[in-house]
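As provided, work.txt (compact mmCIF, C-alpha atoms) reads as follows.
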```txt
# COMPACT_ATOMS: atom_id res chain seq x y z
CA MET A 1 13.59 25.16 -15.89
CA SER A 2 11.11 27.88 -15.02
CA ASP A 3 8.94 27.70 -11.91
CA ASP A 4 5.86 27.52 -14.16
CA THR A 5 6.79 23.98 -15.25
CA ILE A 6 6.61 22.56 -11.74
CA SER A 7 4.07 24.75 -9.97
CA VAL A 8 0.89 23.33 -8.55
CA SER A 9 -1.96 25.09 -6.80
CA CYS A 10 -2.05 24.71 -3.03
CA GLN A 11 -3.76 21.45 -2.10
CA LEU A 12 -5.52 20.71 1.18
CA ILE A 13 -4.58 17.17 2.20
CA THR A 14 -5.71 14.51 4.66
CA VAL A 15 -3.10 11.88 5.48
CA LEU A 16 -4.66 8.62 6.66
CA GLY A 17 -1.97 6.70 8.57
CA SER A 18 0.46 9.59 9.00
CA THR A 19 2.72 7.87 11.55
CA GLY A 20 3.57 4.86 9.35
CA SER A 21 6.47 4.80 6.91
CA ILE A 22 4.38 6.07 3.99
CA GLY A 23 2.77 8.76 6.10
CA VAL A 24 6.12 9.98 7.41
CA SER A 25 7.54 10.09 3.87
CA THR A 26 4.44 11.94 2.67
CA LEU A 27 4.88 14.63 5.31
CA ASP A 28 8.57 14.89 4.42
CA VAL A 29 7.62 15.75 0.83
CA ILE A 30 4.82 18.07 1.94
CA GLY A 31 7.21 19.84 4.30
CA ARG A 32 9.49 20.65 1.37
CA HIS A 33 6.66 22.48 -0.41
CA PRO A 34 4.70 24.54 2.14
CA ASP A 35 3.50 26.83 -0.68
CA LYS A 36 1.88 23.91 -2.51
CA PHE A 37 0.38 21.73 0.23
CA LYS A 38 -1.45 22.29 3.51
CA VAL A 39 -2.44 19.51 5.90
CA PHE A 40 -6.11 19.34 6.89
CA ALA A 41 -6.04 16.17 9.00
CA LEU A 42 -3.62 13.52 10.23
CA THR A 43 -4.66 10.11 11.54
CA ALA A 44 -2.96 7.31 13.43
CA ASP A 45 -3.70 4.10 15.27
CA ARG A 46 -1.93 4.48 18.63
CA SER A 47 1.40 6.23 17.84
CA ILE A 48 0.65 9.13 20.14
CA ASP A 49 4.13 10.67 20.45
CA VAL A 50 4.80 10.64 16.71
CA LEU A 51 1.40 12.12 15.88
CA ALA A 52 1.86 14.83 18.52
CA LYS A 53 5.12 15.94 16.88
CA GLN A 54 3.47 15.91 13.45
CA CYS A 55 0.61 18.05 14.71
CA GLN A 56 3.05 20.54 16.24
CA GLN A 57 4.92 20.80 12.93
CA PHE A 58 2.03 20.86 10.44
CA ASN A 59 -0.79 22.26 12.61
CA PRO A 60 -3.64 20.33 10.98
CA VAL A 61 -7.23 21.21 11.74
CA TYR A 62 -7.89 17.67 13.00
CA ALA A 63 -6.00 14.67 14.30
CA VAL A 64 -7.84 11.36 14.53
CA MET A 65 -6.85 8.41 16.72
CA ARG A 66 -8.28 4.92 16.41
CA ASP A 67 -9.63 4.87 20.01
CA GLU A 68 -10.69 7.45 22.57
CA ALA A 69 -8.08 6.46 25.17
CA SER A 70 -5.28 7.32 22.74
CA ALA A 71 -7.09 10.47 21.68
CA LEU A 72 -7.26 11.64 25.30
CA GLN A 73 -3.49 11.24 25.72
CA LEU A 74 -2.88 13.11 22.47
CA ARG A 75 -5.13 15.99 23.61
CA GLN A 76 -3.11 16.29 26.79
CA LYS A 77 0.18 16.41 24.90
CA LEU A 78 -1.06 19.00 22.42
CA SER A 79 -2.56 21.13 25.20
CA ILE A 80 0.84 21.38 26.86
CA SER A 81 2.42 22.59 23.62
CA ASN A 82 -0.48 24.99 22.84
CA CYS A 83 -1.17 23.21 19.56
CA GLN A 84 -4.68 24.10 18.36
CA THR A 85 -5.36 20.85 16.47
CA GLU A 86 -8.69 19.29 17.46
CA VAL A 87 -8.35 15.62 18.39
CA LEU A 88 -11.06 13.13 17.40
CA SER A 89 -11.35 9.35 17.59
CA GLY A 90 -13.04 6.39 15.96
CA GLU A 91 -13.71 5.04 12.49
CA ALA A 92 -16.56 7.46 11.81
CA GLU A 93 -14.18 10.39 12.25
CA LEU A 94 -11.63 8.72 9.96
CA VAL A 95 -14.34 8.61 7.33
CA ASN A 96 -15.28 12.24 7.99
CA VAL A 97 -11.78 13.67 7.49
CA ALA A 98 -11.40 11.54 4.36
CA GLN A 99 -14.58 12.86 2.75
CA GLU A 100 -14.47 16.45 4.06
CA ALA A 101 -15.68 18.77 1.29
CA SER A 102 -12.75 21.20 1.52
CA VAL A 103 -10.10 18.48 1.15
CA ASP A 104 -8.52 18.14 -2.29
CA SER A 105 -6.37 15.02 -1.82
CA VAL A 106 -6.28 12.04 0.52
CA MET A 107 -3.20 9.94 1.15
CA ALA A 108 -4.61 6.49 1.96
CA ALA A 109 -1.78 4.92 3.95
CA ILE A 110 -3.56 3.00 6.70
CA VAL A 111 -2.16 -0.53 6.68
CA GLY A 112 -4.49 -3.48 6.14
CA ALA A 113 -8.24 -3.89 6.02
CA ALA A 114 -8.70 -1.03 8.50
CA GLY A 115 -8.06 1.39 5.65
CA LEU A 116 -10.89 0.19 3.40
CA LEU A 117 -13.81 2.29 4.64
CA PRO A 118 -12.06 5.68 4.97
CA THR A 119 -10.35 5.17 1.61
CA LEU A 120 -13.64 4.26 0.00
CA ALA A 121 -15.22 7.34 1.60
CA ALA A 122 -12.61 9.54 -0.08
CA VAL A 123 -13.32 7.84 -3.40
CA LYS A 124 -17.10 8.32 -3.04
CA ALA A 125 -16.47 12.00 -2.27
CA GLY A 126 -14.68 12.30 -5.63
CA LYS A 127 -11.29 13.10 -4.13
CA LYS A 128 -7.84 12.75 -5.59
CA VAL A 129 -6.87 9.55 -3.74
CA LEU A 130 -3.23 8.58 -3.36
CA LEU A 131 -3.55 4.85 -2.78
CA ALA A 132 -0.91 3.24 -0.58
CA ASN A 133 -3.42 0.90 1.08
CA LYS A 134 -3.24 -2.03 -1.35
CA GLU A 135 -5.63 -4.10 0.79
CA ALA A 136 -8.56 -1.91 -0.27
CA LEU A 137 -8.19 -3.15 -3.84
CA VAL A 138 -7.28 -6.69 -2.81
CA MET A 139 -10.39 -7.02 -0.64
CA ALA A 140 -12.87 -5.25 -2.90
CA GLY A 141 -11.22 -4.72 -6.28
CA SER A 142 -14.21 -4.59 -8.62
CA LEU A 143 -16.44 -2.73 -6.15
CA PHE A 144 -13.68 -0.25 -5.35
CA MET A 145 -12.90 0.54 -9.00
CA ASP A 146 -16.62 0.86 -9.77
CA ALA A 147 -16.81 3.50 -7.04
CA VAL A 148 -13.83 5.35 -8.55
CA ARG A 149 -15.58 5.53 -11.94
CA GLN A 150 -19.03 6.34 -10.60
CA ASN A 151 -17.79 9.22 -8.43
CA ASN A 152 -15.23 10.59 -10.90
CA ALA A 153 -12.47 10.22 -8.31
CA THR A 154 -8.83 10.41 -9.36
CA LEU A 155 -6.89 7.35 -8.19
CA LEU A 156 -3.09 7.51 -8.15
CA PRO A 157 -1.02 4.49 -7.09
CA ILE A 158 1.67 4.95 -4.44
CA ASP A 159 3.21 1.47 -4.30
CA SER A 160 6.51 1.95 -6.11
CA GLU A 161 5.68 -0.83 -8.57
CA HIS A 162 2.23 0.42 -9.53
CA ASN A 163 3.38 4.02 -9.63
CA ALA A 164 6.19 2.93 -11.97
CA ILE A 165 3.69 1.20 -14.27
CA PHE A 166 1.45 4.26 -14.17
CA GLN A 167 4.39 6.46 -15.21
CA CYS A 168 5.16 4.11 -18.13
CA LEU A 169 1.61 4.21 -19.51
CA PRO A 170 0.40 6.75 -22.08
CA THR A 171 -0.16 10.14 -20.46
CA ASN A 172 -3.93 10.06 -21.02
CA CYS A 173 -4.38 6.79 -19.09
CA ARG A 174 -6.10 6.85 -15.72
CA ALA A 175 -6.18 4.14 -13.09
CA GLY A 176 -8.99 1.74 -13.95
CA ASP A 177 -8.71 2.33 -17.70
CA GLU A 178 -7.62 -0.50 -19.96
CA PRO A 179 -4.28 0.78 -21.35
CA PRO A 180 -3.99 0.59 -25.15
CA GLY A 181 -1.32 -1.44 -26.90
CA ILE A 182 -0.16 -3.35 -23.83
CA ARG A 183 1.23 -6.88 -24.04
CA LYS A 184 1.98 -7.32 -20.34
CA LEU A 185 2.93 -5.62 -17.10
CA LEU A 186 6.23 -6.64 -15.51
CA LEU A 187 5.91 -6.28 -11.74
CA THR A 188 9.37 -6.21 -10.15
CA GLY A 189 10.31 -7.13 -6.59
CA SER A 190 13.58 -7.34 -4.69
CA GLY A 191 12.92 -10.88 -3.47
CA GLY A 192 13.08 -9.71 0.15
CA PRO A 193 15.57 -10.70 2.86
CA PHE A 194 15.17 -14.46 2.22
CA ARG A 195 15.71 -14.47 -1.54
CA THR A 196 18.78 -16.74 -1.32
CA TRP A 197 17.78 -18.70 1.80
CA SER A 198 16.88 -22.37 1.78
CA ALA A 199 13.28 -23.40 2.48
CA GLU A 200 14.38 -24.85 5.82
CA SER A 201 16.06 -21.61 6.89
CA ILE A 202 13.09 -19.50 5.76
CA ALA A 203 10.68 -21.59 7.83
CA CYS A 204 12.68 -20.84 10.99
CA ALA A 205 13.21 -17.11 10.39
CA THR A 206 12.63 -14.70 13.26
CA PRO A 207 10.54 -11.51 13.18
CA ASP A 208 13.73 -9.41 13.31
CA GLN A 209 15.13 -11.26 10.29
CA ALA A 210 11.87 -10.94 8.38
CA CYS A 211 11.72 -7.19 9.03
CA ASN A 212 15.32 -6.61 7.89
CA HIS A 213 14.58 -5.71 4.28
CA PRO A 214 17.71 -5.28 2.14
CA ASN A 215 16.53 -2.19 0.23
CA TRP A 216 13.48 -0.55 1.78
CA SER A 217 12.63 0.91 5.19
CA MET A 218 9.04 -0.10 5.93
CA GLY A 219 6.63 -0.95 8.71
CA LYS A 220 6.60 -4.42 10.26
CA LYS A 221 3.53 -5.78 8.51
CA ILE A 222 4.62 -4.90 4.99
CA SER A 223 8.18 -6.03 5.82
CA VAL A 224 6.94 -9.51 6.77
CA ASP A 225 4.79 -9.57 3.62
CA SER A 226 7.87 -8.67 1.59
CA ALA A 227 9.82 -11.48 3.22
CA SER A 228 7.13 -14.05 2.33
CA LEU A 229 6.57 -12.42 -1.11
CA MET A 230 2.93 -12.02 -0.12
CA ASN A 231 3.43 -8.31 -0.69
CA LYS A 232 4.22 -9.07 -4.31
CA GLY A 233 1.14 -11.28 -4.44
CA LEU A 234 -1.07 -8.51 -3.10
CA GLU A 235 0.47 -6.15 -5.65
CA PHE A 236 -0.29 -8.69 -8.37
CA ILE A 237 -3.98 -8.60 -7.42
CA GLU A 238 -3.89 -4.81 -7.08
CA ALA A 239 -2.34 -4.39 -10.54
CA ARG A 240 -5.11 -6.51 -12.05
CA TRP A 241 -7.69 -3.94 -10.89
CA LEU A 242 -5.68 -0.73 -11.16
CA PHE A 243 -4.83 -1.26 -14.80
CA ASP A 244 -7.78 -3.41 -15.91
CA VAL A 245 -5.62 -6.28 -17.16
CA MET A 246 -6.08 -10.02 -16.86
CA PRO A 247 -3.81 -11.94 -14.46
CA LYS A 248 -2.23 -13.78 -17.39
CA ASP A 249 -0.91 -10.42 -18.61
CA ILE A 250 1.02 -9.70 -15.39
CA GLN A 251 4.48 -11.16 -14.80
CA VAL A 252 6.38 -11.03 -11.52
CA VAL A 253 10.12 -10.49 -11.95
CA ILE A 254 12.62 -10.62 -9.09
CA HIS A 255 15.08 -7.71 -9.35
CA PRO A 256 17.36 -7.64 -6.27
CA GLN A 257 18.71 -4.11 -6.75
CA SER A 258 15.27 -2.40 -6.60
CA ILE A 259 16.36 0.17 -9.19
CA ILE A 260 13.83 -0.69 -11.90
CA HIS A 261 10.53 -0.38 -10.07
CA SER A 262 8.41 -2.02 -12.78
CA MET A 263 8.02 -2.16 -16.55
CA VAL A 264 5.38 -2.15 -19.27
CA GLU A 265 5.77 -4.22 -22.43
CA TYR A 266 3.90 -2.98 -25.49
CA ILE A 267 2.68 -5.04 -28.43
CA ASP A 268 5.39 -3.62 -30.70
CA GLY A 269 8.07 -5.20 -28.48
CA SER A 270 9.02 -2.01 -26.65
CA ILE A 271 9.52 -2.22 -22.88
CA LEU A 272 9.34 0.99 -20.85
CA ALA A 273 10.81 1.01 -17.34
CA GLN A 274 10.82 3.50 -14.49
CA LEU A 275 14.11 3.72 -12.59
CA GLY A 276 15.07 5.47 -9.38
CA ASN A 277 16.68 5.01 -5.99
CA PRO A 278 14.56 2.86 -3.65
CA ASP A 279 12.85 5.69 -1.76
CA MET A 280 9.08 6.01 -1.40
CA ARG A 281 9.26 9.78 -1.61
CA ILE A 282 9.60 9.44 -5.40
CA PRO A 283 6.15 7.90 -6.06
CA ILE A 284 4.65 10.07 -3.31
CA ALA A 285 5.97 13.28 -4.89
CA HIS A 286 4.80 12.09 -8.31
CA ALA A 287 1.26 11.49 -7.07
CA LEU A 288 1.06 14.64 -4.95
CA ALA A 289 1.94 16.88 -7.90
CA TRP A 290 0.42 14.81 -10.73
CA PRO A 291 0.25 15.58 -13.59
CA LEU A 292 3.19 17.87 -12.90
CA ARG A 293 6.50 17.22 -11.10
CA ILE A 294 8.06 18.48 -7.87
CA ASP A 295 11.27 17.80 -5.97
CA SER A 296 10.99 14.70 -3.78
CA GLY A 297 14.17 15.20 -1.77
CA VAL A 298 15.61 11.93 -3.13
CA LYS A 299 19.17 11.77 -4.37
CA SER A 300 19.50 11.32 -8.13
CA LEU A 301 20.30 7.88 -9.47
CA ASP A 302 23.92 7.82 -10.69
CA MET A 303 23.77 5.83 -13.92
CA VAL A 304 27.56 5.89 -14.34
CA THR A 305 28.32 4.15 -11.07
CA LEU A 306 25.21 1.95 -11.14
CA SER A 307 25.91 -1.72 -10.49
CA SER A 308 24.60 -4.50 -12.71
CA LEU A 309 20.84 -5.04 -12.86
CA ASP A 310 19.80 -8.66 -12.30
CA PHE A 311 16.49 -10.40 -12.98
CA GLU A 312 15.12 -13.84 -12.14
CA ALA A 313 11.85 -15.69 -11.85
CA PRO A 314 10.27 -16.01 -8.38
CA ASP A 315 10.55 -19.37 -6.64
CA LEU A 316 6.94 -20.32 -5.94
CA THR A 317 8.00 -23.40 -3.98
CA ARG A 318 10.01 -21.53 -1.36
CA PHE A 319 7.49 -18.68 -1.36
CA PRO A 320 4.04 -20.33 -1.49
CA ALA A 321 2.20 -17.14 -0.45
CA LEU A 322 2.95 -15.60 -3.84
CA ALA A 323 1.56 -18.65 -5.64
CA LEU A 324 -1.63 -18.48 -3.57
CA ALA A 325 -2.10 -14.79 -4.35
CA MET A 326 -1.54 -15.29 -8.07
CA SER A 327 -4.17 -18.05 -8.06
CA ALA A 328 -6.58 -15.85 -6.08
CA ALA A 329 -6.30 -13.15 -8.76
CA SER A 330 -7.98 -15.49 -11.25
CA ALA A 331 -10.60 -16.85 -8.84
CA PRO A 332 -13.95 -15.34 -7.76
CA SER A 333 -13.49 -12.09 -5.84
CA SER A 334 -13.96 -13.63 -2.40
CA ALA A 335 -10.66 -15.51 -2.82
CA ALA A 336 -8.57 -12.36 -2.49
CA THR A 337 -10.65 -11.19 0.48
CA VAL A 338 -10.12 -14.52 2.23
CA LEU A 339 -6.40 -14.54 1.50
CA ASN A 340 -5.87 -10.99 2.73
CA ALA A 341 -7.75 -11.55 6.00
CA ALA A 342 -5.93 -14.81 6.74
CA ASN A 343 -2.60 -13.21 5.95
CA GLU A 344 -3.16 -10.25 8.28
CA VAL A 345 -3.98 -12.66 11.11
CA ALA A 346 -0.96 -14.83 10.30
CA VAL A 347 1.47 -11.91 10.15
CA GLU A 348 0.24 -10.51 13.47
CA ALA A 349 0.58 -13.95 15.05
CA PHE A 350 4.11 -14.31 13.68
CA LEU A 351 5.18 -10.89 14.93
CA ASN A 352 3.81 -11.84 18.36
CA ASN A 353 5.75 -15.13 18.28
CA ARG A 354 2.57 -17.24 18.27
CA ILE A 355 3.54 -19.04 15.06
CA SER A 356 6.71 -19.57 13.05
CA PHE A 357 7.44 -17.91 9.72
CA GLY A 358 6.91 -21.25 7.99
CA ASP A 359 3.46 -21.49 9.58
CA ILE A 360 2.29 -18.43 7.64
CA GLY A 361 2.21 -20.30 4.34
CA ILE A 362 0.70 -23.39 5.98
CA LEU A 363 -2.10 -21.34 7.54
CA LEU A 364 -2.85 -19.52 4.28
CA ASP A 365 -2.98 -22.77 2.33
CA SER A 366 -5.28 -24.34 4.93
CA VAL A 367 -7.69 -21.41 4.87
CA MET A 368 -7.71 -21.11 1.09
CA SER A 369 -8.16 -24.82 0.47
CA THR A 370 -11.38 -24.91 2.51
CA ALA A 371 -12.82 -21.53 1.49
CA LYS A 372 -16.04 -21.34 -0.50
CA LEU A 373 -15.53 -18.82 -3.28
CA TRP A 374 -18.07 -16.50 -4.89
CA GLU A 375 -18.38 -13.01 -6.34
CA LEU A 376 -18.85 -10.37 -3.64
CA ASP A 377 -21.38 -7.74 -4.67
CA THR A 378 -21.46 -5.34 -1.70
CA ILE A 379 -18.95 -3.81 0.69
CA ASP A 380 -20.94 -5.23 3.60
CA ALA A 381 -20.41 -8.70 2.16
CA VAL A 382 -16.68 -7.99 1.93
CA LEU A 383 -16.52 -6.86 5.55
CA ASP A 384 -18.59 -9.81 6.81
CA LEU A 385 -16.34 -12.27 5.01
CA ASP A 386 -13.24 -10.51 6.32
CA PHE A 387 -14.55 -10.79 9.90
CA ASN A 388 -15.43 -14.47 9.58
CA VAL A 389 -12.11 -15.44 8.00
CA ARG A 390 -10.18 -13.66 10.75
CA ARG A 391 -12.14 -15.56 13.37
CA SER A 392 -11.50 -18.88 11.62
CA ALA A 393 -7.79 -18.14 11.10
CA ASN A 394 -7.34 -17.22 14.76
CA ALA A 395 -9.11 -20.43 15.77
CA LEU A 396 -6.69 -22.43 13.63
CA ILE A 397 -3.75 -20.69 15.27
CA ASP A 398 -5.18 -21.32 18.76
CA SER A 399 -5.69 -24.99 17.97
CA LYS A 400 -2.12 -25.29 16.72
CA ILE A 401 -0.75 -23.63 19.84
CA SER A 402 -2.80 -25.80 22.18
CA ALA A 403 -2.07 -29.03 20.27
```
Conversion result in structure tokens:
Amino acid sequence: MSDDTISVSCQLITVLGSTGSIGVSTLDVIGRHPDKFKVFALTADRSIDVLAKQCQQFNPVYAVMRDEASALQLRQKLSISNCQTEVLSGEAELVNVAQEASVDSVMAAIVGAAGLLPTLAAVKAGKKVLLANKEALVMAGSLFMDAVRQNNATLLPIDSEHNAIFQCLPTNCRAGDEPPGIRKLLLTGSGGPFRTWSAESIACATPDQACNHPNWSMGKKISVDSASLMNKGLEFIEARWLFDVMPKDIQVVIHPQSIIHSMVEYIDGSILAQLGNPDMRIPIAHALAWPLRIDSGVKSLDMVTLSSLDFEAPDLTRFPALALAMSAASAPSSAATVLNAANEVAVEAFLNNRISFGDIGILLDSVMSTAKLWELDTIDAVLDLDFNVRRSANALIDSKISA
């Protein structure tokens, strides 16, 4: 194959959330192609040491920390190493590096609701946005996709499942377009570490057990979501908006081997699947170079020695979070915003040993059953609802602890 088939012009990139698992994998791919990609800015919450090493390696123009105290420590570390990266702090600066005019692409990999505003800023600036922050679409799906269309942004999914679906669609399809000739999307998931556990055992699981995913190496929040199957539920909602399909046309399929990353069934009966080793560098490399291809650094899938591929329906009784998310996808838009906010509070409380794993589903059901649902028409309304739900969810947790 000639170099012309895989070449891409040099892209200037901002990586939002560079110290998380997606950010680290993104920089691994970028580091393999220094002639194709240059880093403009890196951002992190409070992972000072990791971000310092990344700055020393990639020499971005800016590094942005969530708060000024962390930024001060990072400045001191970079000063010692003579790194010339300018260190900034705060949400406004996150937004600035996401919408900077000279930036071509933005990797949106900040976990949770914190990633909504900078990701939306990149969209409104008409960037090529590599979307790993699924919460942005879960919280504000219709509003977010409207912004993509209105600002002629290019949205490329990074979640392995959505990237797989994207790869199986006709080549002229863009995120947000209704794909022609589709019968349904088959969203695969490994089933997480508790796939074969009893309901009683799942309820008593520890944070270490929940974070011990059988196939993927991920951050703690997404690992807990994978254990509860909430991650699959969030992906269900995300798929509804990314590919402009109705929830009834999305099917969740448990596939323990994580080799088939998702499938698309067409009206003629054909099913197209995307296969690969479970490594996030594959969808990242695909999106970075799209519509072309580059080496991801991932070992090829050996089809000869491949084990059997198994499929099963999800158990919505043992994993109630998935059922709640699937219901939210068909409800007014505030339902998904409420569910996401309550889940983020519940996961943080579980990781801090304030509640049990079984309490996550109980808390989500309690919040959802009392929520008033309506269509959210502004981002401010989304953020206000998110804030209020978090406050209510924390109050429920406090009352449970003190009871």
Any idea what's packed within 8 Å of Gly297 of chain A, counting only C-alpha atoms, ignoring anything in its chain fewer than 6 positions away? Could you give it as a list in words?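 In the requested form, the answer reads Val29, Arg32 and Arg281 of chain A.
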Those selected residues, please, written with C-alpha atoms and delivered as a PDB file, keeping the file's coordinate frame.
```
ATOM      1  CA  VAL A  29       7.620  15.750   0.830  1.00  0.00           C
ATOM      2  CA  ARG A  32       9.490  20.650   1.370  1.00  0.00           C
ATOM      3  CA  ARG A 281       9.260   9.780  -1.610  1.00  0.00           C
TER       4      ARG A 281
END
```
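What separates atom CA of Ala321 of chain A from atom CA of Gly233 of chain A is a distance of 7.2 Å.
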Length of the atom CA of Thr206 of chain A to atom CA of His162 of chain A vector [Å]: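 Pair atom CA of Thr206 of chain A / atom CA of His162 of chain A returns 29.3 Å.
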If we count only C-alpha atoms and set the cut-off at 12 Å, which residues sit around Met303 of chain A, ignoring sequence neighbours fewer than 2 positions away in its own chain? Please answer as a list in words. Ile259, Leu275, Gly276, Asn277, Ser300, Leu301, Thr305, Leu306, Ser307, Ser308 and Leu309 of chain A
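One distance worth recording is that between atom CA of Gly112 of chain A and atom CA of Ala132 of chain A, which is 10.2 Å.
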Return the padded bounding box of segment 208-224 of chain A as JSON: axis-aligned, built from all atoms listed in the file, 5 Å added on each side, with centre and edge lengths in Å to one decimal.
```
{"center_x": 10.6, "center_y": -5.2, "center_z": 6.8, "size_x": 24.2, "size_y": 22.2, "size_z": 23.1}
```
Would you mind listing what lies within 7 Å of Asp177 of chain A as a VMD selection string, with only C-alpha atoms counted and same-chain residues fewer than 3 positions away left out? chain A and resid 173 to 174 243 to 244
Expected file contents, prior selection, C-alpha atoms, as a PDB file, keeping the file's coordinate frame:
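Result file follows (selection28.pdb):
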```
ATOM      1  CA  CYS A 173      -4.380   6.790 -19.090  1.00  0.00           C
ATOM      2  CA  ARG A 174      -6.100   6.850 -15.720  1.00  0.00           C
ATOM      3  CA  PHE A 243      -4.830  -1.260 -14.800  1.00  0.00           C
ATOM      4  CA  ASP A 244      -7.780  -3.410 -15.910  1.00  0.00           C
TER       5      ASP A 244
END
```
Compute the distance from (-5.3, 4.6, 9.4) to each atom, counting only C-alpha atoms, keep the residues with any atom at most 10 Å away, and return them as an MDAnalysis selection string; use the coordinates of the file. chainID A and resid 15:20 23 42:46 64:66 91 94 108:116 118:119 133
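For the point (8.5, 2.6, -9.0) in file coordinates, the residues within 6 Å, using all atoms listed in the file, are Ser160, Glu161, Asn163, Ala164, His261 and Ser262 of chain A.
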Which residues, written as a ChimeraX atom specification, have at least one atom at most 7 Å from segment 195-203 of chain A, with all atoms listed in the file counted and residues fewer than 6 positions away on the same chain left out? /A:318,356-358
Would you please work out which residue, of A:Met280, A:Ala287, A:Ile294, A:Ala63, is nearest to Met218 of chain A when using all atoms listed in the file? A:Met280
Give one line per residue of segment 221-301 of chain A that approaches segment 181-184 of chain A to at most 6 Å, naming the two atoms of the closest pair and their distance in Å to one decimal, counting only C-alpha atoms; sort by chain then ascending residue number and deliver it as a tab-separated table.
```
residue	atom	partner	partner_atom	distance
A:Asp249	CA	A:Lys184	CA	4.6
A:Ile250	CA	A:Lys184	CA	5.6
A:Glu265	CA	A:Lys184	CA	5.3
A:Tyr266	CA	A:Ile182	CA	4.4
A:Ile267	CA	A:Arg183	CA	5.0
```
Given the choices A:Asn353, A:Gln150, A:Ser270, A:Asn172, which gets closest to Leu185 of chain A if the distance is worked out from all atoms listed in the file? A:Ser270
With the input short on atoms, add all heavy atoms back to segment 38-43 of chain A and write it as a compact mmCIF listing (two decimals), in the coordinates of the input.
```txt
# COMPACT_ATOMS: atom_id res chain seq x y z
N LYS A 38 -1.10 22.01 2.11
CA LYS A 38 -1.45 22.29 3.51
C LYS A 38 -2.18 21.09 4.06
O LYS A 38 -3.06 20.52 3.40
CB LYS A 38 -2.31 23.55 3.61
CG LYS A 38 -2.70 23.90 5.05
CD LYS A 38 -3.42 25.22 5.11
CE LYS A 38 -3.91 25.50 6.54
NZ LYS A 38 -2.80 25.47 7.52
N VAL A 39 -1.85 20.71 5.29
CA VAL A 39 -2.44 19.51 5.90
C VAL A 39 -3.75 19.87 6.60
O VAL A 39 -3.79 20.75 7.46
CB VAL A 39 -1.46 18.86 6.90
CG1 VAL A 39 -2.13 17.68 7.59
CG2 VAL A 39 -0.18 18.42 6.20
N PHE A 40 -4.81 19.17 6.24
CA PHE A 40 -6.11 19.34 6.89
C PHE A 40 -6.25 18.42 8.08
O PHE A 40 -6.71 18.83 9.15
CB PHE A 40 -7.23 19.07 5.89
CG PHE A 40 -8.59 19.08 6.50
CD1 PHE A 40 -9.22 20.28 6.83
CD2 PHE A 40 -9.26 17.89 6.77
CE1 PHE A 40 -10.49 20.29 7.40
CE2 PHE A 40 -10.52 17.89 7.35
CZ PHE A 40 -11.14 19.10 7.67
N ALA A 41 -5.88 17.14 7.91
CA ALA A 41 -6.04 16.17 9.00
C ALA A 41 -4.95 15.11 8.92
O ALA A 41 -4.50 14.74 7.83
CB ALA A 41 -7.41 15.51 8.94
N LEU A 42 -4.55 14.64 10.10
CA LEU A 42 -3.62 13.52 10.23
C LEU A 42 -4.29 12.45 11.07
O LEU A 42 -5.01 12.77 12.02
CB LEU A 42 -2.31 13.97 10.90
CG LEU A 42 -1.50 15.05 10.20
CD1 LEU A 42 -0.31 15.47 11.07
CD2 LEU A 42 -1.02 14.57 8.84
N THR A 43 -4.05 11.18 10.75
CA THR A 43 -4.66 10.11 11.54
C THR A 43 -3.62 9.04 11.88
O THR A 43 -2.65 8.85 11.15
CB THR A 43 -5.83 9.43 10.78
OG1 THR A 43 -5.33 8.42 9.89
CG2 THR A 43 -6.65 10.45 10.01
```
